[in-house]
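Q: My structure is in entry-v1.cif, and what it holds is mmCIF, C-alpha atoms:
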```
data_query
#
loop_
_atom_site.group_PDB
_atom_site.id
_atom_site.type_symbol
_atom_site.label_atom_id
_atom_site.label_comp_id
_atom_site.auth_asym_id
_atom_site.auth_seq_id
_atom_site.Cartn_x
_atom_site.Cartn_y
_atom_site.Cartn_z
ATOM 1 C CA MET A 871 -46.738 86.438 -20.384
ATOM 2 C CA PHE A 872 -45.025 83.140 -20.004
ATOM 3 C CA GLN A 873 -45.343 81.306 -16.712
ATOM 4 C CA GLU A 874 -42.083 79.923 -15.491
ATOM 5 C CA ALA A 875 -42.089 76.160 -15.355
ATOM 6 C CA GLU A 876 -41.926 74.740 -11.897
ATOM 7 C CA GLU A 877 -38.793 72.905 -11.090
ATOM 8 C CA VAL A 878 -39.496 69.286 -10.449
ATOM 9 C CA GLU A 879 -37.181 67.513 -8.054
ATOM 10 C CA VAL A 880 -36.286 64.044 -9.210
ATOM 11 C CA GLU A 881 -36.205 61.532 -6.403
ATOM 12 C CA LYS A 882 -32.942 59.682 -6.375
ATOM 13 C CA ARG A 883 -32.755 56.284 -4.735
ATOM 14 C CA ARG A 884 -29.711 54.202 -4.088
ATOM 15 C CA ILE A 885 -30.157 50.657 -5.368
ATOM 16 C CA VAL A 886 -27.977 48.032 -3.736
ATOM 17 C CA THR A 887 -27.568 44.739 -5.580
ATOM 18 C CA THR A 888 -26.578 41.754 -3.494
ATOM 19 C CA VAL A 889 -24.823 38.901 -5.277
ATOM 20 C CA MET A 890 -24.717 35.608 -3.411
ATOM 21 C CA THR A 891 -21.939 33.210 -4.257
ATOM 22 C CA THR A 892 -21.620 29.688 -2.988
ATOM 23 C CA SER A 893 -18.047 28.539 -2.650
ATOM 24 C CA GLU A 894 -16.896 24.950 -2.807
ATOM 25 C CA GLY A 895 -16.064 25.050 0.884
ATOM 26 C CA THR A 896 -19.557 26.189 1.840
ATOM 27 C CA PHE A 897 -21.141 23.486 -0.309
ATOM 28 C CA ILE A 898 -19.202 20.532 1.105
ATOM 29 C CA ASP A 899 -19.546 21.764 4.681
ATOM 30 C CA GLU A 900 -23.304 22.238 4.363
ATOM 31 C CA TYR A 901 -23.730 18.931 2.541
ATOM 32 C CA VAL A 902 -21.887 16.895 5.169
ATOM 33 C CA ALA A 903 -23.647 18.757 7.996
ATOM 34 C CA LYS A 904 -27.012 17.417 6.779
ATOM 35 C CA PHE A 905 -26.067 13.878 7.849
ATOM 36 C CA SER A 906 -25.697 12.370 11.293
ATOM 37 C CA ASN A 907 -24.635 8.928 10.052
ATOM 38 C CA TYR A 908 -21.488 8.149 8.096
ATOM 39 C CA SER A 909 -22.994 5.221 6.188
ATOM 40 C CA LYS A 910 -25.970 7.303 5.038
ATOM 41 C CA LEU A 911 -23.597 10.042 3.921
ATOM 42 C CA ILE A 912 -21.569 7.639 1.770
ATOM 43 C CA ARG A 913 -24.651 5.979 0.258
ATOM 44 C CA SER A 914 -26.321 9.291 -0.496
ATOM 45 C CA THR A 915 -23.191 10.458 -2.293
ATOM 46 C CA ALA A 916 -23.086 7.168 -4.210
ATOM 47 C CA VAL A 917 -26.714 7.727 -5.297
ATOM 48 C CA TRP A 918 -25.897 11.118 -6.797
ATOM 49 C CA GLN A 919 -22.798 9.800 -8.547
ATOM 50 C CA ARG A 920 -24.732 6.883 -10.031
ATOM 51 C CA LEU A 921 -27.507 9.228 -11.163
ATOM 52 C CA ILE A 922 -25.014 11.476 -12.974
ATOM 53 C CA LYS A 923 -23.424 8.422 -14.572
ATOM 54 C CA LEU A 924 -26.796 7.053 -15.757
ATOM 55 C CA LEU A 925 -27.888 10.399 -17.202
ATOM 56 C CA ASN A 926 -24.772 10.422 -19.376
ATOM 57 C CA MET A 927 -25.535 6.948 -20.729
ATOM 58 C CA PRO A 928 -28.029 5.852 -23.406
ATOM 59 C CA LYS A 929 -31.333 4.575 -21.993
ATOM 60 C CA GLU A 930 -30.788 1.052 -23.240
ATOM 61 C CA HIS A 931 -27.535 0.771 -21.255
ATOM 62 C CA ARG A 932 -28.907 2.039 -17.934
ATOM 63 C CA LYS A 933 -29.022 -0.545 -15.165
ATOM 64 C CA GLY A 934 -29.818 -0.378 -11.463
ATOM 65 C CA GLY A 935 -29.089 -2.738 -8.617
ATOM 66 C CA PHE A 936 -27.217 -2.785 -5.341
ATOM 67 C CA PHE A 937 -24.231 -0.547 -4.790
ATOM 68 C CA THR A 938 -20.871 -2.169 -5.420
ATOM 69 C CA THR A 939 -17.829 -1.816 -3.199
ATOM 70 C CA GLU A 940 -16.173 0.222 -5.935
ATOM 71 C CA GLU A 941 -19.047 2.728 -6.007
ATOM 72 C CA LEU A 942 -19.049 3.172 -2.225
ATOM 73 C CA SER A 943 -15.262 3.563 -2.186
ATOM 74 C CA LYS A 944 -15.445 6.142 -4.968
ATOM 75 C CA ALA A 945 -18.103 8.105 -3.050
ATOM 76 C CA GLU A 946 -15.942 8.090 0.082
ATOM 77 C CA HIS A 947 -12.885 9.258 -1.846
ATOM 78 C CA THR A 948 -14.923 12.039 -3.462
ATOM 79 C CA LEU A 949 -15.966 13.403 -0.073
ATOM 80 C CA VAL A 950 -12.433 13.229 1.298
ATOM 81 C CA ARG A 951 -11.049 14.925 -1.810
ATOM 82 C CA LEU A 952 -13.523 17.834 -1.547
ATOM 83 C CA VAL A 953 -12.886 18.281 2.173
ATOM 84 C CA GLN A 954 -9.118 18.263 1.636
ATOM 85 C CA LYS A 955 -9.384 20.905 -1.091
ATOM 86 C CA VAL A 956 -11.061 23.244 1.408
ATOM 87 C CA THR A 957 -9.197 22.520 4.633
ATOM 88 C CA LEU A 958 -5.782 21.768 3.083
ATOM 89 C CA SER A 959 -5.942 24.045 0.084
ATOM 90 C CA ASP A 960 -2.297 25.150 0.238
ATOM 91 C CA GLU A 961 -1.026 21.587 0.498
ATOM 92 C CA CYS A 962 -3.293 20.409 -2.326
ATOM 93 C CA LYS A 963 -2.106 23.190 -4.610
ATOM 94 C CA ALA A 964 1.569 22.558 -3.886
ATOM 95 C CA LEU A 965 1.407 18.773 -4.256
ATOM 96 C CA SER A 966 -0.662 19.021 -7.441
ATOM 97 C CA GLU A 967 2.077 21.163 -8.967
ATOM 98 C CA GLY A 968 4.744 18.679 -7.891
ATOM 99 C CA ILE A 969 6.425 20.886 -5.278
ATOM 100 C CA PRO A 970 6.936 20.148 -1.557
ATOM 101 C CA VAL A 971 4.504 21.517 0.986
ATOM 102 C CA SER A 972 5.328 24.684 2.900
ATOM 103 C CA ARG A 973 7.686 24.496 5.848
ATOM 104 C CA LYS A 974 4.842 25.836 7.982
ATOM 105 C CA SER A 975 2.586 22.928 7.064
ATOM 106 C CA GLN A 976 1.737 20.322 9.703
ATOM 107 C CA LEU A 977 2.386 17.592 7.115
ATOM 108 C CA ARG A 978 5.928 18.545 6.157
ATOM 109 C CA TRP A 979 7.528 15.742 8.226
ATOM 110 C CA PHE A 980 5.354 12.982 6.814
ATOM 111 C CA HIS A 981 6.292 12.994 3.105
ATOM 112 C CA PRO A 982 2.767 13.822 1.851
ATOM 113 C CA TYR A 983 1.989 13.190 -1.802
ATOM 114 C CA MET A 984 -1.001 13.474 -4.152
ATOM 115 C CA SER A 985 -2.347 10.019 -5.003
ATOM 116 C CA HIS A 986 -3.919 9.027 -8.306
ATOM 117 C CA GLU A 987 -7.357 9.475 -6.672
ATOM 118 C CA GLY A 988 -6.587 13.159 -6.109
ATOM 119 C CA MET A 989 -6.233 12.800 -2.329
ATOM 120 C CA ILE A 990 -3.364 13.693 -0.024
ATOM 121 C CA ARG A 991 -1.758 10.608 1.469
ATOM 122 C CA LEU A 992 1.130 10.307 3.892
ATOM 123 C CA GLY A 993 4.430 8.799 2.845
ATOM 124 C CA GLY A 994 6.429 6.684 5.256
ATOM 125 C CA ARG A 995 8.785 3.735 5.402
ATOM 126 C CA LEU A 996 6.448 0.930 4.344
ATOM 127 C CA ARG A 997 6.487 1.402 0.561
ATOM 128 C CA HIS A 998 7.971 -2.080 0.053
ATOM 129 C CA SER A 999 5.441 -3.769 2.340
ATOM 130 C CA SER A 1000 2.852 -6.185 0.981
ATOM 131 C CA GLU A 1001 0.064 -4.492 2.955
ATOM 132 C CA SER A 1002 -2.742 -2.495 1.334
ATOM 133 C CA GLU A 1003 -2.262 1.059 0.047
ATOM 134 C CA ASP A 1004 -4.525 2.486 2.764
ATOM 135 C CA PHE A 1005 -2.381 0.871 5.456
ATOM 136 C CA LYS A 1006 0.986 1.919 4.001
ATOM 137 C CA HIS A 1007 -0.077 5.438 2.979
ATOM 138 C CA PRO A 1008 -3.036 6.607 5.097
ATOM 139 C CA ILE A 1009 -5.377 9.352 3.940
ATOM 140 C CA VAL A 1010 -5.183 12.683 5.762
ATOM 141 C CA LEU A 1011 -8.358 13.949 7.429
ATOM 142 C CA PRO A 1012 -8.665 17.513 8.738
ATOM 143 C CA LYS A 1013 -9.039 18.486 12.343
ATOM 144 C CA GLY A 1014 -12.531 19.076 13.690
ATOM 145 C CA HIS A 1015 -14.437 18.527 10.451
ATOM 146 C CA GLN A 1016 -17.884 16.906 10.495
ATOM 147 C CA LEU A 1017 -16.709 14.190 8.106
ATOM 148 C CA THR A 1018 -13.953 13.143 10.508
ATOM 149 C CA ARG A 1019 -16.332 13.110 13.464
ATOM 150 C CA LEU A 1020 -18.868 10.964 11.593
ATOM 151 C CA LEU A 1021 -16.115 8.543 10.594
ATOM 152 C CA PHE A 1022 -14.976 8.050 14.189
ATOM 153 C CA GLU A 1023 -18.556 7.645 15.413
ATOM 154 C CA ASP A 1024 -19.201 5.015 12.741
ATOM 155 C CA TYR A 1025 -16.143 2.972 13.705
ATOM 156 C CA HIS A 1026 -17.017 3.370 17.378
ATOM 157 C CA LYS A 1027 -20.424 1.768 16.761
ATOM 158 C CA ARG A 1028 -18.984 -0.965 14.554
ATOM 159 C CA LEU A 1029 -16.472 -1.923 17.258
ATOM 160 C CA LEU A 1030 -19.242 -2.071 19.903
ATOM 161 C CA GLN A 1031 -18.153 0.980 21.923
ATOM 162 C CA ALA A 1032 -14.446 0.109 21.755
ATOM 163 C CA GLY A 1033 -11.825 1.915 23.792
ATOM 164 C CA PRO A 1034 -9.652 4.775 22.488
ATOM 165 C CA GLN A 1035 -6.616 2.677 21.525
ATOM 166 C CA LEU A 1036 -8.567 0.078 19.565
ATOM 167 C CA LEU A 1037 -10.635 2.796 17.894
ATOM 168 C CA LEU A 1038 -7.566 4.767 16.817
ATOM 169 C CA SER A 1039 -5.649 1.733 15.572
ATOM 170 C CA THR A 1040 -8.642 0.625 13.501
ATOM 171 C CA VAL A 1041 -9.268 4.043 11.977
ATOM 172 C CA ARG A 1042 -5.599 4.450 11.113
ATOM 173 C CA PHE A 1043 -5.853 1.571 8.642
ATOM 174 C CA ASN A 1044 -7.786 4.006 6.408
ATOM 175 C CA CYS A 1045 -6.911 7.541 7.457
ATOM 176 C CA SER A 1046 -4.735 9.681 9.684
ATOM 177 C CA ALA A 1047 -5.716 12.754 11.685
ATOM 178 C CA ILE A 1048 -3.267 15.640 11.672
ATOM 179 C CA ARG A 1049 -2.148 17.705 14.636
ATOM 180 C CA ARG A 1050 -3.679 17.282 18.081
ATOM 181 C CA ASN A 1051 -7.277 16.244 17.554
ATOM 182 C CA GLU A 1052 -10.091 15.524 19.962
ATOM 183 C CA TYR A 1053 -13.074 13.472 18.817
ATOM 184 C CA ARG A 1054 -16.081 12.760 21.013
ATOM 185 C CA THR A 1055 -17.227 9.210 20.421
ATOM 186 C CA ALA A 1056 -20.804 8.052 19.872
ATOM 187 C CA SER A 1057 -21.445 7.335 23.547
ATOM 188 C CA GLY A 1058 -20.364 10.840 24.487
ATOM 189 C CA SER A 1059 -18.521 9.535 27.531
ATOM 190 C CA SER A 1060 -15.001 8.979 26.254
ATOM 191 C CA LEU A 1061 -12.652 11.280 24.420
ATOM 192 C CA VAL A 1062 -10.217 10.103 21.781
ATOM 193 C CA GLN A 1063 -7.019 12.139 21.658
ATOM 194 C CA VAL A 1064 -4.324 11.967 19.028
ATOM 195 C CA PHE A 1065 -0.797 13.036 19.945
ATOM 196 C CA PRO A 1066 1.448 12.567 16.892
ATOM 197 C CA SER A 1067 5.063 11.920 17.736
ATOM 198 C CA LYS A 1068 7.469 14.711 16.891
ATOM 199 C CA VAL A 1069 9.803 13.865 14.030
ATOM 200 C CA THR A 1070 13.183 15.569 13.850
ATOM 201 C CA GLN A 1071 14.529 13.993 10.670
ATOM 202 C CA PHE A 1072 13.363 12.018 7.678
ATOM 203 C CA MET A 1073 13.703 8.276 8.089
ATOM 204 C CA GLY A 1074 14.789 5.908 5.351
ATOM 205 C CA GLU A 1075 12.453 3.291 3.932
ATOM 206 C CA LEU A 1076 12.519 -0.179 5.451
ATOM 207 C CA LEU A 1077 13.680 -3.158 3.414
ATOM 208 C CA ALA A 1078 11.088 -5.493 1.961
ATOM 209 C CA GLU A 1079 12.454 -8.241 4.259
ATOM 210 C CA ARG A 1080 11.580 -6.087 7.285
ATOM 211 C CA VAL A 1081 7.924 -5.511 6.393
ATOM 212 C CA THR A 1082 6.938 -8.802 4.702
ATOM 213 C CA VAL A 1083 5.312 -11.545 6.766
ATOM 214 C CA ALA A 1084 7.466 -14.678 6.914
ATOM 215 C CA HIS A 1085 8.381 -17.588 9.187
ATOM 216 C CA PRO A 1086 10.465 -16.496 12.220
ATOM 217 C CA PHE A 1087 14.172 -16.339 11.408
ATOM 218 C CA SER A 1088 13.676 -17.296 7.761
ATOM 219 C CA ARG A 1089 15.434 -13.998 7.042
ATOM 220 C CA THR A 1090 18.223 -13.491 9.547
ATOM 221 C CA GLY A 1091 20.845 -10.821 10.091
ATOM 222 C CA ILE A 1092 24.179 -11.800 11.721
ATOM 223 C CA ASP A 1093 26.745 -9.718 13.570
ATOM 224 C CA PHE A 1094 29.287 -9.959 16.404
ATOM 225 C CA PHE A 1095 29.819 -7.792 19.462
ATOM 226 C CA GLY A 1096 32.241 -7.893 22.348
ATOM 227 C CA PRO A 1097 34.388 -8.804 24.056
ATOM 228 C CA VAL A 1098 31.938 -9.593 26.862
ATOM 229 C CA PRO A 1099 33.281 -9.048 30.404
ATOM 230 C CA GLY A 1100 33.823 -12.385 32.142
ATOM 231 C CA PRO A 1101 35.084 -13.556 35.541
ATOM 232 C CA ARG A 1102 38.274 -11.885 36.729
ATOM 233 C CA GLN A 1103 40.014 -15.223 37.248
ATOM 234 C CA THR A 1104 39.878 -16.124 33.525
ATOM 235 C CA ALA A 1105 41.791 -14.337 30.804
ATOM 236 C CA VAL A 1106 39.748 -15.816 27.943
ATOM 237 C CA LYS A 1107 37.814 -13.260 25.897
ATOM 238 C CA THR A 1108 34.205 -14.042 25.079
ATOM 239 C CA TYR A 1109 32.258 -12.553 22.190
ATOM 240 C CA GLY A 1110 28.594 -12.561 21.242
ATOM 241 C CA ALA A 1111 27.179 -13.728 17.920
ATOM 242 C CA ILE A 1112 23.761 -12.157 17.498
ATOM 243 C CA PHE A 1113 21.192 -13.568 15.063
ATOM 244 C CA VAL A 1114 18.470 -11.014 14.378
ATOM 245 C CA CYS A 1115 15.198 -11.999 12.735
ATOM 246 C CA MET A 1116 14.429 -9.287 10.175
ATOM 247 C CA ALA A 1117 10.805 -9.080 11.317
ATOM 248 C CA ILE A 1118 10.297 -10.407 14.875
ATOM 249 C CA GLU A 1119 13.039 -11.018 17.466
ATOM 250 C CA ALA A 1120 16.694 -11.840 18.108
ATOM 251 C CA ASP A 1121 18.804 -14.772 19.299
ATOM 252 C CA LEU A 1122 22.157 -14.722 21.049
ATOM 253 C CA GLU A 1123 25.068 -17.194 21.011
ATOM 254 C CA LEU A 1124 28.385 -16.919 22.876
ATOM 255 C CA VAL A 1125 31.653 -17.738 21.084
ATOM 256 C CA SER A 1126 35.223 -17.860 22.378
ATOM 257 C CA ASP A 1127 36.788 -15.971 19.455
ATOM 258 C CA LEU A 1128 35.980 -14.332 16.110
ATOM 259 C CA SER A 1129 37.134 -17.163 13.842
ATOM 260 C CA THR A 1130 35.037 -18.792 11.123
ATOM 261 C CA ASN A 1131 35.011 -22.147 12.922
ATOM 262 C CA ARG A 1132 33.568 -20.658 16.100
ATOM 263 C CA PHE A 1133 30.951 -18.825 14.073
ATOM 264 C CA ILE A 1134 29.945 -22.042 12.254
ATOM 265 C CA GLN A 1135 29.559 -23.755 15.627
ATOM 266 C CA ALA A 1136 27.291 -20.921 16.827
ATOM 267 C CA LEU A 1137 25.340 -21.086 13.566
ATOM 268 C CA ARG A 1138 24.820 -24.847 14.010
ATOM 269 C CA ARG A 1139 23.387 -24.323 17.492
ATOM 270 C CA PHE A 1140 21.141 -21.573 16.174
ATOM 271 C CA VAL A 1141 19.830 -23.653 13.237
ATOM 272 C CA ALA A 1142 19.222 -26.619 15.555
ATOM 273 C CA ARG A 1143 16.827 -24.487 17.619
ATOM 274 C CA ARG A 1144 15.306 -22.120 15.060
ATOM 275 C CA GLY A 1145 15.500 -24.021 11.794
ATOM 276 C CA ARG A 1146 17.311 -23.330 8.514
ATOM 277 C CA CYS A 1147 17.213 -19.756 7.188
ATOM 278 C CA SER A 1148 16.187 -18.903 3.642
ATOM 279 C CA GLU A 1149 18.247 -15.684 3.613
ATOM 280 C CA ILE A 1150 21.156 -14.482 5.776
ATOM 281 C CA PHE A 1151 22.443 -10.916 5.838
ATOM 282 C CA SER A 1152 25.845 -9.888 7.206
ATOM 283 C CA ASP A 1153 28.571 -7.283 6.871
ATOM 284 C CA SER A 1154 31.997 -7.835 5.301
ATOM 285 C CA GLY A 1155 33.511 -9.563 8.331
ATOM 286 C CA THR A 1156 36.376 -11.943 7.555
ATOM 287 C CA ASN A 1157 34.751 -14.722 9.594
ATOM 288 C CA PHE A 1158 31.781 -14.657 7.171
ATOM 289 C CA GLY A 1159 34.077 -15.935 4.444
ATOM 290 C CA THR A 1160 34.432 -18.879 2.095
ATOM 291 C CA GLY A 1161 34.294 -21.498 4.834
ATOM 292 C CA PHE A 1162 30.948 -20.223 6.071
ATOM 293 C CA ARG A 1163 29.497 -20.155 2.536
ATOM 294 C CA ASN A 1164 30.682 -23.681 1.779
ATOM 295 C CA TYR A 1165 29.153 -24.972 5.024
ATOM 296 C CA TYR A 1166 25.776 -23.327 4.517
ATOM 297 C CA GLU A 1167 25.448 -24.273 0.838
ATOM 298 C CA CYS A 1168 25.925 -27.967 1.667
#
```
Can you turn what I pasted into structure tokens?
A:
Amino acid sequence: MFQEAEEVEVEKRRIVTTVMTTSEGTFIDEYVAKFSNYSKLIRSTAVWQRLIKLLNMPKEHRKGGFFTTEELSKAEHTLVRLVQKVTLSDECKALSEGIPVSRKSQLRWFHPYMSHEGMIRLGGRLRHSSESEDFKHPIVLPKGHQLTRLLFEDYHKRLLQAGPQLLLSTVRFNCSAIRRNEYRTASGSSLVQVFPSKVTQFMGELLAERVTVAHPFSRTGIDFFGPVPGPRQTAVKTYGAIFVCMAIEADLELVSDLSTNRFIQALRRFVARRGRCSEIFSDSGTNFGTGFRNYYEC
């Protein structure tokens, strides 16, 4: 007789495999969160970048020493670039491909562009200015990020617990915060608030004469307005010749009519007080004709 084999039940277990992935956003957020001081964050990043650079060089060419301004600036730009890729991913992708940002983007009114460092900078009307690139086209920092908070705290300490307006104006030389932002300063007692002005249309770029530092009234714009209401007893019309400094202020002279002679007389009084102009801008008025040119070229 054959004994039937006993059925053996095979135990079945469900094995769950967990795969952990570290995204770029998680890395930069965790890395910046390890620091409570902006200067230490920049120098630590510069250390890693120098180490990578030295490992890719032959041993005989490796040199140490103090950090240079270029290395610290490169480390700062690297951090900003990584933070922007996470917090402004849509804008980075669009600008890298050479297309405008979305109409829903907070930056759409500010002519953002991708700089050669790979960072988003704001456009504006100061392209012809002689100021630095950071002043003309500030870097965009995201709202509420640890990097932005550390930056404001660092400037707050450097300025010896400065007030909100001085702190904001100083930081804006290097960066610009988007949307309504609130940053608690190092003392914890004051709150810095940013309220960007609403822009309804794109503005044209300013002329180089408007944004270049020069002696007052060395570049002057001229125009007339009027007639100016005078006393009722007189029937003589009076007009105004306005001399506008392209960078600072304005000057006003009264003339009895719109002829070239009266304008030359007003110009003489103006030059006697303000000095001779290096450049004069005007429209195509007939009183700014040959006689005026001959007088001023003498």
Q: Determine the residue membership of the PyMOL selection byres ((chain A and resi 964) around 12) for the file above and supply it as a list in words.
A: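 Applying the expression gives Lys955, Leu958, Ser959, Asp960, Glu961, Cys962, Lys963, Leu965, Ser966, Glu967, Gly968, Ile969, Pro970, Val971, Ser972, Arg973, Ser975, Arg978, Pro982, Tyr983, Met984 and Ile990 of chain A.
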Q: Keeping C-alpha atoms, export the residues of the selection given above as an mmCIF file, in the frame of the given file.
A:
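Generated output (again_11.cif):
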```cif
data_model
loop_
_atom_site.group_PDB
_atom_site.id
_atom_site.type_symbol
_atom_site.label_atom_id
_atom_site.label_comp_id
_atom_site.auth_asym_id
_atom_site.auth_seq_id
_atom_site.Cartn_x
_atom_site.Cartn_y
_atom_site.Cartn_z
ATOM 1 C CA LYS A 955 -9.384 20.905 -1.091
ATOM 2 C CA LEU A 958 -5.782 21.768 3.083
ATOM 3 C CA SER A 959 -5.942 24.045 0.084
ATOM 4 C CA ASP A 960 -2.297 25.150 0.238
ATOM 5 C CA GLU A 961 -1.026 21.587 0.498
ATOM 6 C CA CYS A 962 -3.293 20.409 -2.326
ATOM 7 C CA LYS A 963 -2.106 23.190 -4.610
ATOM 8 C CA LEU A 965 1.407 18.773 -4.256
ATOM 9 C CA SER A 966 -0.662 19.021 -7.441
ATOM 10 C CA GLU A 967 2.077 21.163 -8.967
ATOM 11 C CA GLY A 968 4.744 18.679 -7.891
ATOM 12 C CA ILE A 969 6.425 20.886 -5.278
ATOM 13 C CA PRO A 970 6.936 20.148 -1.557
ATOM 14 C CA VAL A 971 4.504 21.517 0.986
ATOM 15 C CA SER A 972 5.328 24.684 2.900
ATOM 16 C CA ARG A 973 7.686 24.496 5.848
ATOM 17 C CA SER A 975 2.586 22.928 7.064
ATOM 18 C CA ARG A 978 5.928 18.545 6.157
ATOM 19 C CA PRO A 982 2.767 13.822 1.851
ATOM 20 C CA TYR A 983 1.989 13.190 -1.802
ATOM 21 C CA MET A 984 -1.001 13.474 -4.152
ATOM 22 C CA ILE A 990 -3.364 13.693 -0.024
#
```
Q: Applying 8 Å and all atoms listed in the file, which residues near segment 1105-1118 of chain A remain after dropping the ones on its own chain fewer than 3 positions away? List them as an MDAnalysis selection string.
A: chainID A and resid 1079:1084 1086:1100 1102 1121:1128 1133 1136
Q: Contacts of Leu942 of chain A at 10 Å or less, counting all atoms listed in the file, minus same-chain residues fewer than 5 places along, as number ranges by chain?
A: A: 909, 912-917, 919, 937, 947-948
Q: Quick one, how far is atom CA of Thr939 of chain A from atom CA of Arg1042 of chain A?
A: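 Computing the Euclidean distance for atom CA of Thr939 of chain A and atom CA of Arg1042 of chain A yields 19.8 Å.
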Q: By how many Å are atom CA of Ala945 of chain A and atom CA of Lys923 of chain A apart?
A: 12.7 Å
Q: How many Å separate atom CA of Thr938 of chain A from atom CA of Arg997 of chain A?
A: 28.2 Å
Q: Closest to Arg991 of chain A among A:Phe1005, A:Phe897, A:Phe1140, A:Phe1151, using all atoms listed in the file?
A: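 Between A:Phe1005, A:Phe897, A:Phe1140, A:Phe1151, the residue approaching Arg991 of chain A most closely is A:Phe1005.
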Q: From the list A:Ser906, A:Gln1135, A:Thr1130, A:Ser1002, which residue is nearest Leu1021 of chain A when using all atoms listed in the file?
A: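 That would be A:Ser906, the residue with the smallest distance to Leu1021 of chain A.
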Q: Using all atoms listed in the file, which residue out of A:Thr1040, A:Ser1152, A:Ser1129, A:Gln954 lies closest to Leu1011 of chain A?
A: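 The closest residue to Leu1011 of chain A is A:Gln954.
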